[in-house]
Structures are given as structure tokens and as C-alpha cells.
>>> print(open('data-v1.cif').read())   # mmCIF, C-alpha atoms
data_data
#
loop_
_atom_site.label_atom_id
_atom_site.label_comp_id
_atom_site.auth_asym_id
_atom_site.auth_seq_id
_atom_site.Cartn_x
_atom_site.Cartn_y
_atom_site.Cartn_z
CA MET A 599 289.57 -168.64 43.62
CA SER A 600 287.02 -167.26 41.26
CA ASN A 601 285.14 -164.10 41.98
CA SER A 602 281.74 -165.83 41.89
CA LEU A 603 282.78 -168.43 44.50
CA VAL A 604 283.77 -165.66 46.93
CA LYS A 605 280.39 -164.07 46.38
CA ILE A 606 278.72 -167.26 47.60
CA ILE A 607 281.08 -168.23 50.43
CA VAL A 608 281.23 -164.85 52.20
CA PRO A 609 277.45 -164.55 52.76
CA VAL A 610 277.26 -168.19 53.88
CA ILE A 611 280.03 -167.69 56.45
CA GLY A 612 278.35 -164.51 57.59
CA LEU A 613 275.03 -166.26 57.99
CA VAL A 614 276.54 -169.15 59.97
CA ALA A 615 278.42 -166.74 62.21
CA ALA A 616 275.24 -164.76 62.83
CA LEU A 617 273.36 -167.94 63.74
CA VAL A 618 276.10 -169.06 66.13
CA LEU A 619 276.18 -165.64 67.77
CA ALA A 620 272.42 -165.61 68.09
CA PHE A 621 272.47 -169.05 69.69
CA VAL A 622 275.17 -168.05 72.18
CA ALA A 623 273.33 -164.84 72.99
CA TYR A 624 270.10 -166.78 73.46
CA PHE A 625 271.89 -169.21 75.78
CA PHE A 626 273.26 -166.46 77.99
CA VAL A 627 270.05 -164.47 78.15
CA GLN A 628 268.07 -167.60 78.86
CA ALA A 629 270.47 -168.80 81.56
CA TRP A 630 270.63 -165.38 83.17
CA TRP A 631 266.99 -164.38 83.21
CA ALA A 632 264.93 -167.49 82.93
CA GLN A 633 263.36 -169.29 85.85
CA PRO A 634 264.80 -172.67 86.74
CA PRO A 635 263.30 -175.54 84.74
CA ALA A 636 259.88 -176.85 85.67
CA VAL A 637 261.27 -179.95 87.37
CA LEU A 638 262.35 -177.75 90.28
CA GLY A 639 258.78 -177.03 91.25
CA PHE A 640 257.77 -174.15 89.02
CA GLY A 641 254.57 -173.88 87.11
CA ASP A 642 251.84 -176.03 88.51
CA GLY A 643 252.61 -177.64 91.81
CA PRO A 644 253.16 -181.37 91.68
CA THR A 645 250.39 -183.79 92.61
CA GLN A 646 250.99 -185.07 96.12
CA PRO A 647 250.21 -188.59 97.33
CA VAL A 648 247.77 -187.08 99.83
CA ALA A 649 245.25 -184.37 98.93
CA PHE A 650 246.41 -182.25 101.83
CA PRO A 651 244.81 -178.77 101.76
CA HIS A 652 246.93 -176.12 103.47
CA THR A 653 243.95 -173.82 102.98
CA VAL A 654 241.76 -175.73 105.43
CA HIS A 655 244.47 -176.25 108.02
CA VAL A 656 245.75 -172.68 108.05
CA THR A 657 242.63 -170.65 107.28
CA THR A 658 239.80 -172.71 108.75
CA ALA A 659 241.60 -174.56 111.53
CA GLY A 660 243.88 -171.59 112.20
CA LEU A 661 247.04 -173.60 112.69
CA ASP A 662 250.43 -171.93 112.83
CA CYS A 663 253.02 -173.27 110.34
CA GLN A 664 255.15 -174.43 113.24
CA PHE A 665 252.37 -176.60 114.59
CA CYS A 666 253.31 -179.18 111.97
CA HIS A 667 256.68 -177.98 110.68
CA ARG A 668 258.05 -178.20 114.17
CA THR A 669 261.81 -177.76 113.84
CA VAL A 670 261.74 -174.76 111.50
CA ALA A 671 262.75 -172.27 114.20
CA THR A 672 265.54 -174.36 115.68
CA GLU A 673 267.00 -176.61 112.99
CA GLU A 674 268.14 -176.69 109.38
CA ALA A 675 265.01 -178.24 107.94
CA ALA A 676 261.39 -177.38 108.56
CA THR A 677 260.51 -181.10 108.44
CA VAL A 678 257.16 -182.64 107.60
CA PRO A 679 255.21 -184.29 110.42
CA ALA A 680 254.78 -188.00 110.86
CA VAL A 681 251.44 -189.51 109.82
CA ALA A 682 250.75 -190.30 113.45
CA GLN A 683 250.74 -186.58 114.11
CA CYS A 684 247.88 -186.11 111.61
CA TRP A 685 245.99 -188.66 113.56
CA PHE A 686 246.55 -186.74 116.78
CA CYS A 687 244.07 -184.14 115.54
CA HIS A 688 241.98 -186.22 113.17
CA ASP A 689 241.10 -188.81 115.78
CA PHE A 690 237.86 -186.96 116.45
CA ASP A 691 236.40 -189.75 118.51
CA ARG A 692 239.06 -189.36 121.13
CA ILE A 693 238.95 -185.56 121.31
CA THR A 694 235.29 -184.61 120.97
CA GLY A 695 233.56 -187.94 121.12
CA GLU A 696 231.98 -187.19 117.76
CA GLN A 697 232.45 -188.56 114.33
CA SER A 698 234.69 -186.72 111.88
CA SER A 699 233.16 -183.73 110.18
CA SER A 700 235.09 -184.32 106.97
CA SER A 701 234.77 -187.64 105.24
CA THR A 702 237.32 -186.61 102.59
CA ALA A 703 239.94 -186.07 105.26
CA GLU A 704 239.18 -189.45 106.77
CA ALA A 705 239.46 -191.12 103.40
CA GLU A 706 242.82 -189.48 102.72
CA ILE A 707 244.24 -190.37 106.10
CA ALA A 708 242.92 -193.90 105.79
CA LYS A 709 245.34 -194.37 102.90
CA PHE A 710 248.11 -194.37 105.46
CA ILE A 711 246.54 -195.26 108.78
CA ARG A 712 244.60 -198.43 108.08
CA ASP A 713 244.26 -199.56 111.63
CA PRO A 714 244.24 -196.70 114.18
CA GLU A 715 244.15 -199.22 117.01
CA LYS A 716 247.76 -200.06 116.33
CA LEU A 717 248.77 -196.48 117.11
CA ALA A 718 247.54 -196.99 120.65
CA LEU A 719 249.74 -200.03 121.22
CA ASP A 720 252.80 -199.72 123.42
CA PRO A 721 255.13 -199.36 121.60
CA PRO A 722 252.89 -198.00 118.82
CA GLU A 723 253.00 -199.56 115.40
CA LEU A 724 253.65 -196.48 113.28
CA PRO A 725 252.40 -196.15 109.71
CA ASP A 726 254.73 -195.55 106.79
CA PRO A 727 255.54 -191.89 106.19
CA VAL A 728 253.91 -190.01 103.32
CA ASN A 729 256.15 -189.95 100.28
CA TRP A 730 255.69 -186.24 99.56
CA VAL A 731 256.85 -184.83 96.24
CA ARG A 732 259.44 -182.19 96.96
CA VAL A 733 258.40 -178.69 95.84
CA HIS A 734 261.23 -176.43 96.99
CA ARG A 735 264.65 -177.74 96.18
CA LEU A 736 268.06 -176.07 96.42
CA PRO A 737 271.21 -177.43 94.79
CA ASP A 738 273.35 -179.74 96.92
CA HIS A 739 276.12 -177.19 97.29
CA VAL A 740 273.80 -174.80 99.12
CA GLN A 741 273.53 -175.26 102.87
CA PHE A 742 270.31 -173.47 103.68
CA VAL A 743 269.35 -173.31 107.35
CA HIS A 744 265.79 -172.32 108.23
CA ALA A 745 266.40 -171.48 111.89
CA PRO A 746 268.23 -168.12 111.68
CA HIS A 747 265.73 -166.82 109.11
CA ILE A 748 262.78 -167.59 111.34
CA GLN A 749 264.60 -166.32 114.42
CA GLN A 750 265.21 -163.00 112.64
CA GLY A 751 261.46 -162.70 112.35
CA PHE A 752 260.85 -163.40 108.69
CA PRO A 753 257.48 -165.01 108.07
CA CYS A 754 257.49 -168.23 106.04
CA SER A 755 255.66 -166.40 103.25
CA THR A 756 258.79 -164.32 102.53
CA CYS A 757 260.11 -167.21 100.47
CA HIS A 758 257.24 -169.68 100.23
CA GLY A 759 254.49 -167.29 99.27
CA ASP A 760 250.96 -167.41 100.59
CA ILE A 761 250.77 -171.14 101.21
CA ALA A 762 247.59 -170.58 103.19
CA SER A 763 245.69 -169.83 100.01
CA MET A 764 247.25 -172.50 97.80
CA GLN A 765 245.16 -175.55 97.05
CA VAL A 766 248.28 -177.21 95.62
CA VAL A 767 251.61 -175.99 96.93
CA GLU A 768 253.92 -174.57 94.31
CA GLN A 769 257.14 -172.61 94.29
CA VAL A 770 256.60 -168.87 93.87
CA ARG A 771 260.08 -167.42 94.27
CA ASN A 772 262.94 -168.52 92.07
CA LEU A 773 265.32 -168.94 95.03
CA LYS A 774 268.39 -168.49 92.89
CA MET A 775 271.55 -167.10 94.43
CA ARG A 776 270.85 -163.53 93.37
CA ASP A 777 267.53 -163.76 95.17
CA CYS A 778 269.25 -164.87 98.38
CA VAL A 779 272.12 -162.37 98.15
CA ASP A 780 269.85 -159.41 97.40
CA CYS A 781 267.81 -160.16 100.49
CA HIS A 782 270.93 -160.71 102.59
CA ARG A 783 272.28 -157.32 101.48
CA ASP A 784 269.02 -155.56 102.22
CA ASN A 785 268.92 -156.98 105.72
CA ASP A 786 272.61 -156.66 106.65
CA ALA A 787 272.98 -160.43 106.75
CA PRO A 788 276.40 -161.96 106.03
CA THR A 789 277.30 -162.28 102.36
CA ASP A 790 280.48 -164.29 102.76
CA CYS A 791 280.41 -167.25 100.34
CA THR A 792 280.79 -169.68 103.22
CA THR A 793 277.56 -168.47 104.75
CA CYS A 794 275.86 -170.99 102.49
CA HIS A 795 278.55 -172.80 100.51
CA TYR A 796 280.71 -175.28 102.41
CA MET B 267 257.61 -159.49 114.01
CA ALA B 268 260.72 -159.59 116.13
CA THR B 269 263.25 -156.87 115.57
CA ARG B 270 266.04 -157.92 113.29
CA THR B 271 269.45 -157.81 114.87
CA GLN B 272 272.51 -156.75 112.96
CA VAL B 273 274.34 -159.90 112.00
CA LYS B 274 276.55 -158.58 109.23
CA ASN B 275 279.58 -157.91 111.40
CA ARG B 276 280.51 -161.32 112.57
CA ALA B 277 281.67 -161.90 116.07
CA ASP B 278 285.39 -161.36 116.26
CA HIS B 279 286.89 -164.73 115.41
CA LYS B 280 290.25 -165.80 114.08
CA TRP B 281 290.42 -169.55 114.03
CA GLY B 282 293.70 -171.29 114.68
CA MET B 283 295.17 -174.60 115.71
CA VAL B 284 298.16 -175.79 117.70
CA ILE B 285 299.44 -179.37 117.33
CA ASP B 286 301.68 -180.70 120.07
CA LEU B 287 304.06 -183.15 118.40
CA ASP B 288 305.22 -184.38 121.80
CA ARG B 289 301.78 -185.85 122.26
CA CYS B 290 301.14 -187.14 118.74
CA THR B 291 301.46 -190.90 118.49
CA GLY B 292 300.65 -191.10 114.79
CA CYS B 293 297.54 -193.17 115.46
CA GLN B 294 295.59 -191.72 112.48
CA ALA B 295 292.40 -191.21 114.47
CA CYS B 296 292.27 -187.65 113.15
CA VAL B 297 292.48 -188.93 109.59
CA ILE B 298 289.55 -191.29 110.06
CA ALA B 299 287.48 -188.71 111.92
CA CYS B 300 288.04 -186.19 109.14
CA GLN B 301 287.19 -188.78 106.51
CA SER B 302 283.80 -189.52 108.00
CA GLU B 303 282.94 -185.96 109.03
CA ASN B 304 283.69 -184.38 105.68
CA ASN B 305 282.29 -186.92 103.22
CA ILE B 306 285.69 -187.85 101.86
CA PRO B 307 285.56 -190.90 99.60
CA LEU B 308 287.37 -194.05 100.68
CA ASN B 309 290.97 -194.26 99.53
CA ASP B 310 291.97 -197.72 98.38
CA GLN B 311 295.52 -198.87 97.81
CA SER B 312 295.61 -197.83 94.18
CA ALA B 313 294.61 -194.28 95.13
CA PHE B 314 297.73 -194.03 97.29
CA LEU B 315 299.95 -195.66 94.68
CA ASP B 316 298.72 -193.20 92.07
CA GLY B 317 299.17 -190.30 94.45
CA ARG B 318 295.47 -189.54 94.11
CA ALA B 319 294.37 -190.26 97.66
CA ILE B 320 292.20 -187.58 99.22
CA GLU B 321 293.05 -186.86 102.83
CA TRP B 322 292.30 -183.45 104.28
CA ILE B 323 294.64 -184.33 107.12
CA ARG B 324 297.45 -186.81 106.82
CA VAL B 325 300.09 -188.02 109.27
CA GLU B 326 303.54 -187.77 107.77
CA ARG B 327 306.09 -190.16 109.23
CA TYR B 328 309.81 -189.54 109.33
CA TRP B 329 312.51 -191.90 110.56
CA GLU B 330 315.33 -190.23 112.44
CA GLY B 331 318.66 -191.93 113.12
CA ASP B 332 319.77 -195.49 112.40
CA TYR B 333 318.78 -198.74 114.03
CA PRO B 334 318.87 -199.27 116.99
CA ASP B 335 318.87 -195.56 117.81
CA ILE B 336 315.94 -194.85 115.57
CA LYS B 337 313.02 -192.59 116.25
CA ALA B 338 309.73 -192.18 114.45
CA ARG B 339 308.58 -188.60 114.04
CA PHE B 340 304.97 -187.83 113.18
CA LEU B 341 303.67 -184.66 111.63
CA PRO B 342 299.93 -184.28 111.04
CA VAL B 343 299.56 -182.01 108.01
CA LEU B 344 296.33 -180.25 107.15
CA CYS B 345 295.51 -177.01 105.37
CA GLN B 346 297.50 -174.42 107.29
CA HIS B 347 294.95 -171.66 106.55
CA CYS B 348 297.80 -169.29 105.75
CA ASP B 349 297.16 -165.59 106.26
CA ASN B 350 299.33 -165.01 103.21
CA ALA B 351 298.18 -167.99 101.21
CA PRO B 352 299.95 -168.85 97.96
CA CYS B 353 296.89 -170.75 96.73
CA GLU B 354 294.55 -167.78 96.84
CA SER B 355 296.40 -165.42 94.55
CA VAL B 356 296.59 -167.92 91.69
CA CYS B 357 292.91 -168.83 91.49
CA PRO B 358 291.52 -167.33 88.29
CA VAL B 359 287.90 -167.55 89.41
CA TYR B 360 288.16 -166.39 93.03
CA ALA B 361 287.04 -169.79 94.25
CA THR B 362 289.48 -169.65 97.13
CA TYR B 363 289.91 -166.60 99.30
CA HIS B 364 290.47 -165.50 102.86
CA ASN B 365 287.36 -164.73 104.84
CA SER B 366 286.89 -162.46 107.81
CA GLU B 367 287.43 -165.29 110.28
CA GLY B 368 290.93 -166.08 109.08
CA LEU B 369 289.81 -169.14 107.18
CA ASN B 370 291.18 -170.05 103.81
CA VAL B 371 287.94 -170.84 102.06
CA GLN B 372 287.23 -173.12 99.12
CA VAL B 373 283.97 -172.41 97.29
CA TYR B 374 283.16 -175.65 95.49
CA ASN B 375 280.54 -174.32 93.14
CA ARG B 376 282.90 -171.64 91.91
CA CYS B 377 285.88 -173.90 91.31
CA VAL B 378 286.57 -174.79 87.70
CA GLY B 379 289.43 -177.17 88.43
CA THR B 380 292.49 -175.44 87.07
CA ARG B 381 294.56 -176.99 89.91
CA PHE B 382 296.73 -173.88 90.10
CA CYS B 383 296.08 -173.62 93.83
CA GLY B 384 297.11 -177.21 94.45
CA ASN B 385 300.35 -176.69 92.56
CA ASN B 386 301.10 -173.53 94.49
CA CYS B 387 300.44 -174.98 97.93
CA PRO B 388 303.76 -175.72 99.66
CA TYR B 389 302.04 -178.04 102.15
CA HIS B 390 300.31 -180.30 99.61
CA ALA B 391 297.13 -179.68 101.52
CA ARG B 392 294.90 -179.24 98.48
CA LEU B 393 293.47 -182.27 96.75
CA PHE B 394 291.83 -182.65 93.40
CA ASN B 395 288.86 -184.85 92.61
CA TYR B 396 289.99 -186.83 89.63
CA TRP B 397 286.89 -189.01 89.73
CA GLU B 398 283.31 -188.84 90.81
CA PRO B 399 283.33 -189.96 94.45
CA VAL B 400 281.80 -193.37 95.09
CA TRP B 401 280.81 -194.93 98.38
CA PRO B 402 279.89 -198.54 99.07
CA GLU B 403 276.14 -199.06 99.28
CA ASP B 404 276.30 -199.56 103.07
CA LEU B 405 277.94 -196.19 103.61
CA ARG B 406 275.57 -194.07 101.54
CA ASN B 407 273.50 -193.13 104.56
CA GLN B 408 276.46 -192.12 106.69
CA LEU B 409 277.21 -189.04 104.59
CA ASN B 410 277.20 -185.85 106.61
CA PRO B 411 274.27 -183.72 105.43
CA ASP B 412 276.04 -180.54 106.57
CA VAL B 413 278.87 -181.00 104.09
CA THR B 414 278.63 -180.79 100.32
CA VAL B 415 279.66 -183.91 98.44
CA ARG B 416 282.26 -182.68 96.00
CA THR B 417 281.95 -183.73 92.41
CA ARG B 418 284.65 -184.63 89.92
CA GLY B 419 286.89 -181.84 88.70
CA ILE B 420 287.11 -179.55 91.72
CA MET B 421 289.63 -178.87 94.45
CA GLU B 422 288.96 -179.58 98.07
CA LYS B 423 290.85 -179.25 101.32
CA CYS B 424 290.53 -178.95 105.07
CA THR B 425 287.95 -176.34 106.07
CA PHE B 426 288.61 -176.39 109.84
CA CYS B 427 285.19 -178.12 109.85
CA ILE B 428 283.43 -174.92 108.84
CA GLN B 429 280.06 -176.66 109.14
CA ARG B 430 280.67 -176.89 112.90
CA ILE B 431 281.86 -173.28 113.03
CA ARG B 432 278.70 -172.16 111.22
CA ARG B 433 276.46 -174.19 113.47
CA SER B 434 278.09 -172.70 116.58
CA THR B 435 278.29 -169.08 115.43
CA ARG B 436 274.87 -168.89 113.79
CA GLY B 437 273.28 -165.47 114.20
CA GLY B 438 276.60 -163.73 114.88
CA LYS B 439 277.10 -165.50 118.19
CA GLN B 440 280.44 -165.34 120.00
CA VAL B 441 281.30 -168.88 121.04
CA GLU B 442 282.93 -169.90 124.26
CA ASP B 443 286.33 -171.51 124.15
CA GLN B 444 286.18 -175.26 123.48
CA ALA B 445 282.42 -175.07 122.81
CA PHE B 446 283.09 -177.11 119.68
CA ASN B 447 286.05 -178.63 117.92
CA PRO B 448 286.81 -179.87 114.42
CA ALA B 449 286.46 -183.61 113.93
CA CYS B 450 290.23 -184.26 114.06
CA VAL B 451 290.67 -182.39 117.34
CA GLN B 452 287.67 -184.09 118.82
CA ALA B 453 288.99 -187.52 117.87
CA CYS B 454 292.56 -187.03 119.06
CA PRO B 455 293.03 -189.50 121.95
CA THR B 456 296.14 -187.80 123.34
CA ASP B 457 294.76 -184.27 123.15
CA ALA B 458 297.64 -183.31 120.88
CA MET B 459 295.55 -180.86 118.87
CA THR B 460 294.00 -177.65 120.16
CA PHE B 461 291.58 -175.54 118.18
CA GLY B 462 290.03 -172.22 119.01
CA ASN B 463 289.75 -168.50 118.62
CA LEU B 464 293.12 -166.76 118.46
CA ASN B 465 291.47 -163.39 119.06
CA ASN B 466 290.46 -164.54 122.51
CA PRO B 467 293.63 -164.24 124.65
CA ASP B 468 292.20 -166.61 127.25
CA SER B 469 291.45 -169.47 124.87
CA ARG B 470 293.49 -172.65 125.16
CA VAL B 471 294.84 -172.26 121.67
CA SER B 472 296.04 -168.71 122.35
CA GLN B 473 297.91 -169.90 125.43
CA LYS B 474 299.68 -172.63 123.47
CA TRP B 475 300.26 -170.28 120.54
CA GLU B 476 302.95 -168.46 122.54
CA ASP B 477 304.67 -171.66 123.71
CA GLU B 478 308.44 -171.60 123.34
CA ARG B 479 308.34 -174.88 121.39
CA ALA B 480 305.96 -173.41 118.81
CA TYR B 481 306.99 -173.24 115.18
CA ARG B 482 305.30 -173.14 111.80
CA VAL B 483 306.00 -175.51 108.97
CA LEU B 484 308.07 -173.95 106.16
CA GLU B 485 308.10 -170.70 108.07
CA ALA B 486 310.71 -169.19 105.74
CA LEU B 487 308.14 -169.03 102.94
CA GLY B 488 306.32 -166.29 104.84
CA THR B 489 302.89 -167.84 104.36
CA ASN B 490 301.98 -167.02 107.96
CA PRO B 491 299.89 -170.13 108.71
CA SER B 492 297.11 -170.35 111.28
CA VAL B 493 298.46 -173.72 112.39
CA LYS B 494 301.42 -173.97 114.74
CA TYR B 495 303.29 -177.07 115.83
CA LEU B 496 304.93 -177.61 119.21
CA LYS B 497 308.34 -179.18 118.71
CA GLN B 498 308.94 -182.66 119.99
CA VAL B 499 311.61 -182.59 122.69
CA ASP B 500 313.44 -185.80 123.52
CA ALA B 501 314.08 -186.53 127.16
CA HIS B 502 317.61 -187.79 126.51
CA ALA B 503 318.65 -185.68 123.60
#
>>> encode(input="data-v1.cif", output="C-alpha cells")
Amino acid sequence: MSNSLVKIIVPVIGLVAALVLAFVAYFFVQAWWAQPPAVLGFGDGPTQPVAFPHTVHVTTAGLDCQFCHRTVATEEAATVPAVAQCWFCHDFDRITGEQSSSSTAEAEIAKFIRDPEKLALDPPELPDPVNWVRVHRLPDHVQFVHAPHIQQGFPCSTCHGDIASMQVVEQVRNLKMRDCVDCHRDNDAPTDCTTCHY
Amino acid sequence: MATRTQVKNRADHKWGMVIDLDRCTGCQACVIACQSENNIPLNDQSAFLDGRAIEWIRVERYWEGDYPDIKARFLPVLCQHCDNAPCESVCPVYATYHNSEGLNVQVYNRCVGTRFCGNNCPYHARLFNYWEPVWPEDLRNQLNPDVTVRTRGIMEKCTFCIQRIRRSTRGGKQVEDQAFNPACVQACPTDAMTFGNLNNPDSRVSQKWEDERAYRVLEALGTNPSVKYLKQVDAHA
């Protein structure tokens, strides 16, 4: 092998090796520190099929989270209410005998409840549920249960942020395993793998 | 805000099982119950022929004697949750370990599929997912939401229905004896299986644990299983 060929090959190999190392390093740093990809609900919150403002319901109407997310203190999932439950409050005629104060709310609800009379039938003819776009999502191998967290007295905002002031709900905490485990350690909660993974 | 209670130190549980072989009729109800509770894919004939069938509990059948003096012996075999488990020490990624409740635990998201544990298990209780699990369209909605669906390339095995244990002991609660049972025990029509807390001396399983017929499978290996069998005794032996 001639001397000049070595002079070319050695720097090329060095350059390629440096690039590979840089790529690997980038991969690890990115995987370790970065937020999950935007599809999991980061960045701007997704557009929902109903323009439902948490701001109005929590701040103006003064509703507690559990008024709608009823099973959050007792079950795995917080659950979203049925459309008929919206109508329970928004049927202003029945409650106050007056017309609705918000025409936008009526228009939004009318997308799903076209004929309120049918709700009064026995048995009631229930409208289709709202096809909400999921904002907070954990991987399938995580068994997260809301109930014990609420029962221990943590407010919903611990993980979900200040939903009351969000026009469009978005994820604020990365909810990766380190996030969960750090909090479990701080609060003397179990850290056995099978607490969540089974 | 309510005061937070200490939940780190779990209530004192050591889960165990006793299987009375005198009562076992080999009906396979436990196998089916386990299959549906734990999201185990359906095993067709080829899965058995290839030795790739996934059954967290299986009923082994032995013939004893010659016709006409022949007897069928049944032995339901599940993960024995050994206190000195051969599978745990060989896992390179700590995906299987012993937890504080005496359970031999399999962490699916940690498993990389080396199959060392399966090869080291003397009871053949560990099963490997060679394929992505598939269910018929009609059965998609019967999957148990409390149990992870395992993907291709990882080990799985009996968990003593840990999802039921977690549901019952949530918040560090001490459960009463027989407050819940794993799917196999619940399904057993002859009450051959007993599950419970071995640390509670009054529990049904602790009573049977000391039975004079009790033995462990492959006891000489010193694996110290959490499952005991009660020997079948023939009336006219």
C-alpha cells in the first residue's frame, strides 16, 4: 500500500467514525432528555370535535373536576361524561325556565343532541358519544390507576396542569417513567415494578 | 388536602397456592379461565404440535398402570413462584425478580427475550412469544384491560393474577382471606385449588400448607416453590 493512499484512507475512516459516534451520541441524548413526540399530546393541544371550554365550566360555573369525571376517585379511569350528562345542565328550560344564556354552547351541544325530546323518552334514546381526541396517553404496558392518587389527596393539577385556565387542553408533564418514579419516591409510594407493570 | 398515608411498606403478604390432586378431575376449566383472564392468545393445533402453545397453567396427564388397572393422574402446572427461583438469576436485564410479596415477577417492558429464564425453569412454566398475538375479530373486545397484551419476543408466565392482587391491596390494604382469587382458582369446579396469604396463619391456604399429603414438585432441586400439591391417595391402594 502506498504512503499516499494511507494518507487519504486514515482521515476518511476517522471522519466516518466521528460521524457515527456523533449520531449515536445524538440518539442517546435525544432519547434520554427529549420530550415524547408530538403525537402523544405535546405542543399545541389537539382540536376536539366539540369546542368544550374547561375555563368556563371550572372558573365561571365553579364545577369540581369530579362533577363530570365521576369515577376518578374510585376507579382506574377518570372517564368522560356521556352527552346526556351535558344536557342535564344545559337544558336551561327545564331548570330555570329561561332560554340558554350561551348560544355558542347550544350550537356545540346541538351537534350531538339533535332532538332533546328523545332524551325524555322511557327508555331514553341516547345520542352518540363525543369522539374526543385523546390528550394524555400512557404506553399499553403501564397500568395507571387514578383512584389511589386522588385518594392520597393529590389534586388533578399535579399531573394535568392548570386545566381550568386552558382554552384547549394539552399535556404539560412528560409523564415518563422517571417522572412517575421520582414522585413515588418523594411520597413514599411503592416503587416495585409491578406497581404499574403487569 | 387529605393527609397522605404511608403506603411504601406493603401489607404483609406472601402469596401461595395449594392444589389438592385428590380433587382435580383434569377438566381444564382453570386453563380456560386463565386464558381469558390474562389475554393469552388462542392456541391452535399447530401451536401444540410445534411446542409453541402458550398456557400459563396446563394440566399434565399421566397414565399409571396397565389396562384394565389403569389410572389417570392429573397435575396442574403453573409458575411455582419459587423463593429460590432458577429463572431470576439468569436474566441479564433484571426483567424477572422476586418482589416483597413472594411473587416471581415478569416485567414485560424490560424483557429483551433472551429466553435464558425459560431454559432454566425446571417446571416449563415460562413461555416465549414467538409471534405477535392475534385474536379473531369477535374476541378483540373481550381482552382484559387490566392485563398488558404481550408483544412478540418477550417471555410471559403465570403472575398469580397480579392484577387482582393489585386491585385488592390498593393503598397498602391488608386483604381478608378469600377476598379474591386468581382466575384458575375461581374457576375450579371441585375446589381443588386454594390461594391466599401464607403469612396469615388462619388463611385456608396456610391450613392446607401443613397437610401431611403436601409436597412440592421437583423438591430436590431446592427451588422452594410457593405452590404445594396434596398427594392423591387411592382408596384401595
>>> residues_around(input="data-v1.cif", residues="Ala338 of chain B", least_positions_apart="2", cutoff="9 Å", atoms="only C-alpha atoms", output="PDB file with C-alpha atoms, keeping the file's coordinate frame")
ATOM      1  CA  ARG B 327     306.090-190.160 109.230  1.00  0.00           C
ATOM      2  CA  TYR B 328     309.810-189.540 109.330  1.00  0.00           C
ATOM      3  CA  TRP B 329     312.510-191.900 110.560  1.00  0.00           C
ATOM      4  CA  GLU B 330     315.330-190.230 112.440  1.00  0.00           C
ATOM      5  CA  ILE B 336     315.940-194.850 115.570  1.00  0.00           C
ATOM      6  CA  PHE B 340     304.970-187.830 113.180  1.00  0.00           C
TER       7      PHE B 340
END
>>> atom_distance(input="data-v1.cif", atom1="atom CA of Thr380 of chain B", atom2="atom CA of Val400 of chain B")
22.4 Å
>>> residues_near_point(input="data-v1.cif", point="(302.2, -181.6, 109.7)", cutoff="7 Å", atoms="only C-alpha atoms", output="tab-separated table (two decimals) with C-alpha atoms, keeping the file's coordinate frame")
chain	number	residue	atom	x	y	z
B	325	VAL	CA	300.09	-188.02	109.27
B	326	GLU	CA	303.54	-187.77	107.77
B	341	LEU	CA	303.67	-184.66	111.63
B	342	PRO	CA	299.93	-184.28	111.04
B	343	VAL	CA	299.56	-182.01	108.01
B	344	LEU	CA	296.33	-180.25	107.15
>>> resolve_selection(input="data-v1.cif", expression="the PyMOL selection byres ((chain A and resi 759) around 9)", output="PyMOL selection string")
chain A and resi 754-758+760-762+768-771
>>> residues_around(input="data-v1.cif", residues="Asp738 of chain A", least_positions_apart="4", cutoff="12 Å", atoms="only C-alpha atoms", output="MDAnalysis selection string")
(chainID A and resid 742 794:796) or (chainID B and resid 374:375 411:417)
>>> closest_residue(input="data-v1.cif", among="A:Ser600, A:Thr645, A:Thr669, A:Thr657", to="Ile748 of chain A", atoms="all atoms listed in the file")
A:Thr669
>>> interface_residues(input="data-v1.cif", of="chain A", to="chain B", cutoff="7 Å", atoms="only C-alpha atoms", output="list of chain:residue names")
A:Asp738, A:His739, A:Gln741, A:Pro746, A:Gln750, A:Gly751, A:Asp786, A:Ala787, A:Pro788, A:Cys791, A:His795, A:Tyr796
>>> residues_around(input="data-v1.cif", residues="segment 293-300 of chain B", least_positions_apart="2", cutoff="12 Å", atoms="all atoms listed in the file", output="number ranges by chain")
B: 285, 289-291, 302-309, 320-327, 340-344, 410, 413, 423-427, 447-459
>>> build_atoms(input="data-v1.cif", residues="segment 279-291 of chain B", atoms="N, CA and C atoms", output="PDB file, keeping the file's coordinate frame")
ATOM      1  N   HIS B 279     286.225-163.438 115.346  1.00  0.00           N
ATOM      2  CA  HIS B 279     286.890-164.730 115.410  1.00  0.00           C
ATOM      3  C   HIS B 279     288.097-164.782 114.491  1.00  0.00           C
ATOM      4  N   LYS B 280     289.108-165.459 114.946  1.00  0.00           N
ATOM      5  CA  LYS B 280     290.250-165.800 114.080  1.00  0.00           C
ATOM      6  C   LYS B 280     290.635-167.215 114.491  1.00  0.00           C
ATOM      7  N   TRP B 281     290.267-168.158 113.641  1.00  0.00           N
ATOM      8  CA  TRP B 281     290.420-169.550 114.030  1.00  0.00           C
ATOM      9  C   TRP B 281     291.861-170.013 113.828  1.00  0.00           C
ATOM     10  N   GLY B 282     292.339-170.780 114.778  1.00  0.00           N
ATOM     11  CA  GLY B 282     293.700-171.290 114.680  1.00  0.00           C
ATOM     12  C   GLY B 282     293.832-172.624 115.388  1.00  0.00           C
ATOM     13  N   MET B 283     294.960-173.283 115.134  1.00  0.00           N
ATOM     14  CA  MET B 283     295.170-174.600 115.710  1.00  0.00           C
ATOM     15  C   MET B 283     296.618-174.754 116.144  1.00  0.00           C
ATOM     16  N   VAL B 284     296.813-175.456 117.244  1.00  0.00           N
ATOM     17  CA  VAL B 284     298.160-175.790 117.700  1.00  0.00           C
ATOM     18  C   VAL B 284     298.228-177.301 117.836  1.00  0.00           C
ATOM     19  N   ILE B 285     299.274-177.919 117.259  1.00  0.00           N
ATOM     20  CA  ILE B 285     299.440-179.370 117.330  1.00  0.00           C
ATOM     21  C   ILE B 285     300.717-179.680 118.095  1.00  0.00           C
ATOM     22  N   ASP B 286     300.553-180.374 119.205  1.00  0.00           N
ATOM     23  CA  ASP B 286     301.680-180.700 120.070  1.00  0.00           C
ATOM     24  C   ASP B 286     302.285-182.022 119.585  1.00  0.00           C
ATOM     25  N   LEU B 287     303.463-181.940 118.963  1.00  0.00           N
ATOM     26  CA  LEU B 287     304.060-183.150 118.400  1.00  0.00           C
ATOM     27  C   LEU B 287     304.611-184.064 119.492  1.00  0.00           C
ATOM     28  N   ASP B 288     304.786-183.533 120.683  1.00  0.00           N
ATOM     29  CA  ASP B 288     305.220-184.380 121.800  1.00  0.00           C
ATOM     30  C   ASP B 288     304.127-185.366 122.183  1.00  0.00           C
ATOM     31  N   ARG B 289     302.895-185.002 121.890  1.00  0.00           N
ATOM     32  CA  ARG B 289     301.780-185.850 122.260  1.00  0.00           C
ATOM     33  C   ARG B 289     301.323-186.737 121.114  1.00  0.00           C
ATOM     34  N   CYS B 290     301.645-186.380 119.894  1.00  0.00           N
ATOM     35  CA  CYS B 290     301.140-187.140 118.740  1.00  0.00           C
ATOM     36  C   CYS B 290     301.791-188.508 118.680  1.00  0.00           C
ATOM     37  N   THR B 291     300.941-189.545 118.595  1.00  0.00           N
ATOM     38  CA  THR B 291     301.460-190.900 118.490  1.00  0.00           C
ATOM     39  C   THR B 291     301.308-191.455 117.090  1.00  0.00           C
TER      40      THR B 291
END
